[in-house]
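Before any comments, here is the structure.
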Amino acid sequence: MRKYLLPIMMLAIFEAVAVTLWLTKDNLFYLFNFSYIGIAIALGVFLFIKNYKHARRVVQLLVGLYMLVYLGLISQENMQIEGFWYYLFTGVFEAATIHYAVAKIFGPLIFGRGWCGYACWTAMVLDFLPYKTPKEPRRKLGFIRYITFAASLIFVAALFLAHVGNIEKLMFWSFIIGNVLYYIVGIILAYAFKDNRAFCKYICPITVFLKPMSYFALIRIKCDKEKCISCGKCKRVCPMDVDVTDNSRKRENGTECILCMECTKSCPKKAL
Ligand code: SF4
Ligand code: SF4
Ligand code: SF4
């Protein structure tokens with residue numbers, strides 16, 4: 001039973017959020033939304049425990065497609081960072097603000113960058129590309145994330161300052177255009193740097209929230225030093241260049257871990 005503790009815990013966390021928001025906001029949507037995401041994530045973790053090879057991809061598609069197609073395109077909620085700024089400026093604690101608070105700001109204190117491994121609709125597409133593990137060394141381009149972060153904030157602030165009418169409609173179109181741009185840039189970078197996750201490492205503005213919060217993550221991969229034979233396999237299969245054999249929070253690229261479990265699967269000594 002102990003091995004099923006993680007999916008049960010994940011489901012319980014999401015159900016707690018679902019019920020709390022449903023009752024406090026008096027809106028059944030929150031119960032459906034967070035229950036669906038919790039069940040999808042718990043299912044993925046369960047499949048992983050059962051050694052199903054594509055467990056992570058199943059949950060990534062279930063959640064990513066739901067958010068992109070249902071929430072983004074059908075319900076016209078801008079769930080990108082611009083949507084977060086928009087709702088923040090309007091003072092409405094709804095949709096994108098709640099999504100950011102749960103998945104990208106406070107949630108990472110518990111499940112780190114789990115969002116990036118199991119739910120993000122940008123990475124959902126990038127993970128289909130051929131460079132699952134980086135074929136070239138990491139570049140010092142992480143500063144770009146701060147530029148895209150600032151640009152998204154300035155863009156939304158400018159709309160408010162200029163008193164632009166019908167911002168709701170504009171936010172919907174910015175969601176479409178923003179996503180198309182993310183996909184184009186992400187795919188070009190993946191091929192240029194031979195690394196599917198190059199966009200995540202250098203460009204994604206959300207990592208400005210994700211990285212510092214996931215530093216304190218409760219759920220993280222740890223290495224049993226007694227079993228480890230320093231073969232280096234775990235580092236070679238890691239899509240995010242994490243030195244997972246170092247148990248300290250300051251380990252190399254520690255705030256990049258997306259909990260994909262590739263390292264644990266490849267460790268010959270079951271040390272992770
Ligand atoms: S870093 Fe950004 S693009 Fe990459 S998975 Fe995380 S949220 Fe998605
Ligand atoms: S391979 Fe391991 S260390 Fe690297 S991102 Fe996946 S879970 Fe994290
Ligand atoms: S793959 Fe396992 S044994 Fe090899 S270095 Fe990593 S943790 Fe140690």
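By convention in this document, the chains of the structure tokens carry letters A, B, ... by their order, each chain's residues are numbered from 1, and ligands are numbered from 1 in the order they are shown.
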Glu94 in chain A surroundings by only C-alpha atoms, 12 Å radius, close-in-sequence under 3 positions cut, as a VMD selection string: chain A and resid 21 to 22 24 to 25 27 29 to 30 77 to 79 83 to 91 97 to 102
At a cut-off of 12 Å around ligand 2, and using only C-alpha atoms and all ligand atoms, what residues come up? Please write them as a PyMOL selection string. chain A and resi 56+111-118+132-134+197+200-201+214+219-223+232-247+251-267+271-272
Selected residues written out with C-alpha atoms, as a CSV table (one decimal), in the first residue's frame:
chain,number,residue,atom,x,y,z
A,56,ARG,CA,3.8,10.7,-17.7
A,111,PHE,CA,5.2,19.2,-5.9
A,112,GLY,CA,8.1,21.3,-7.4
A,113,ARG,CA,8.0,21.6,-11.2
A,114,GLY,CA,5.4,18.8,-11.5
A,115,TRP,CA,3.4,21.2,-13.6
A,116,CYS,CA,6.2,21.2,-16.2
A,117,GLY,CA,6.4,17.4,-16.3
A,118,TYR,CA,2.7,16.5,-16.2
A,132,LYS,CA,14.3,13.9,-25.3
A,133,THR,CA,17.7,14.3,-23.6
A,134,PRO,CA,19.9,17.3,-24.5
A,197,ARG,CA,13.2,21.5,-23.3
A,200,CYS,CA,11.7,25.7,-20.7
A,201,LYS,CA,15.3,26.4,-19.8
A,214,SER,CA,10.4,24.6,-6.3
A,219,ILE,CA,8.4,16.1,-3.2
A,220,ARG,CA,11.9,15.6,-4.7
A,221,ILE,CA,14.0,12.8,-6.1
A,222,LYS,CA,16.7,11.7,-3.6
A,223,CYS,CA,19.7,9.5,-4.0
A,232,GLY,CA,26.3,8.8,-14.2
A,233,LYS,CA,23.4,7.3,-16.1
A,234,CYS,CA,20.8,9.4,-14.3
A,235,LYS,CA,22.4,12.6,-15.4
A,236,ARG,CA,22.7,11.4,-19.0
A,237,VAL,CA,18.9,10.7,-19.3
A,238,CYS,CA,17.8,13.8,-17.5
A,239,PRO,CA,16.1,16.3,-19.9
A,240,MET,CA,16.8,19.1,-17.5
A,241,ASP,CA,20.5,18.5,-16.7
A,242,VAL,CA,19.8,18.0,-12.9
A,243,ASP,CA,22.6,16.5,-10.8
A,244,VAL,CA,20.2,14.2,-9.0
A,245,THR,CA,22.9,12.3,-7.1
A,246,ASP,CA,23.5,15.5,-4.9
A,247,ASN,CA,20.8,15.5,-2.3
A,251,ARG,CA,22.3,20.7,-6.5
A,252,GLU,CA,23.1,21.6,-10.0
A,253,ASN,CA,19.9,22.7,-11.8
A,254,GLY,CA,17.9,21.4,-8.9
A,255,THR,CA,15.0,23.9,-9.5
A,256,GLU,CA,14.7,22.5,-13.0
A,257,CYS,CA,13.6,19.0,-12.0
A,258,ILE,CA,10.2,18.2,-13.7
A,259,LEU,CA,9.7,14.9,-11.8
A,260,CYS,CA,9.7,13.0,-15.1
A,261,MET,CA,11.3,10.0,-13.3
A,262,GLU,CA,13.5,9.1,-16.2
A,263,CYS,CA,16.5,9.0,-13.8
A,264,THR,CA,14.8,6.6,-11.4
A,265,LYS,CA,13.8,4.4,-14.3
A,266,SER,CA,17.4,4.2,-15.6
A,267,CYS,CA,19.3,3.8,-12.4
A,271,ALA,CA,19.4,4.3,-5.8
A,272,LEU,CA,16.9,7.0,-6.7
Set the cut-off to 6 Å, count only C-alpha atoms and all ligand atoms, and list whatever residues fall near ligand 1 as a list in words.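 Protein and nucleic-acid residues within 6 Å of ligand 1: Cys116, Cys120, Thr122, Ala123, Cys200, Cys204, Ile206 and Thr207 of chain A.
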Could you work out how far CA of Tyr36 in chain A lies from CA of Asn51 in chain A, giving the answer in Å with one decimal? 22.6 Å
Neighbouring residues of range 178-186 of chain A were defined as those with any atom within 12 Å, considering only C-alpha atoms; residues of the same chain fewer than 3 positions away were excluded. Please report them as number ranges by chain. A: 68-69, 72-73, 78-83, 120-129, 148, 151-152, 155, 170-175, 189-205
Tell me, in Å to one decimal, how far CA of Arg2 in chain A is from CA of Ile49 in chain A.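 Going from CA of Arg2 in chain A over to CA of Ile49 in chain A covers 11.2 Å.
Our summary of the geometry notes that CA of Val17 in chain A is positioned 21.0 Å from CA of Leu65 in chain A.
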Between A:Cys231, A:Leu109, A:Val45, A:Ala18, single out the one closest to Leu218 in chain A, counting only C-alpha atoms.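 Looking only at the distances to Leu218 in chain A, the closest residue turns out to be A:Leu109.
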So that I can check the secondary structure, give me every residue of range 5-230 of chain A assigned alpha helix (DSSP H) by backbone DSSP, as number ranges by chain. A: 5-25, 28-49, 55-65, 81-90, 95-99, 108-111, 114-118, 121-126, 144-161, 167-193, 198-202, 207-214
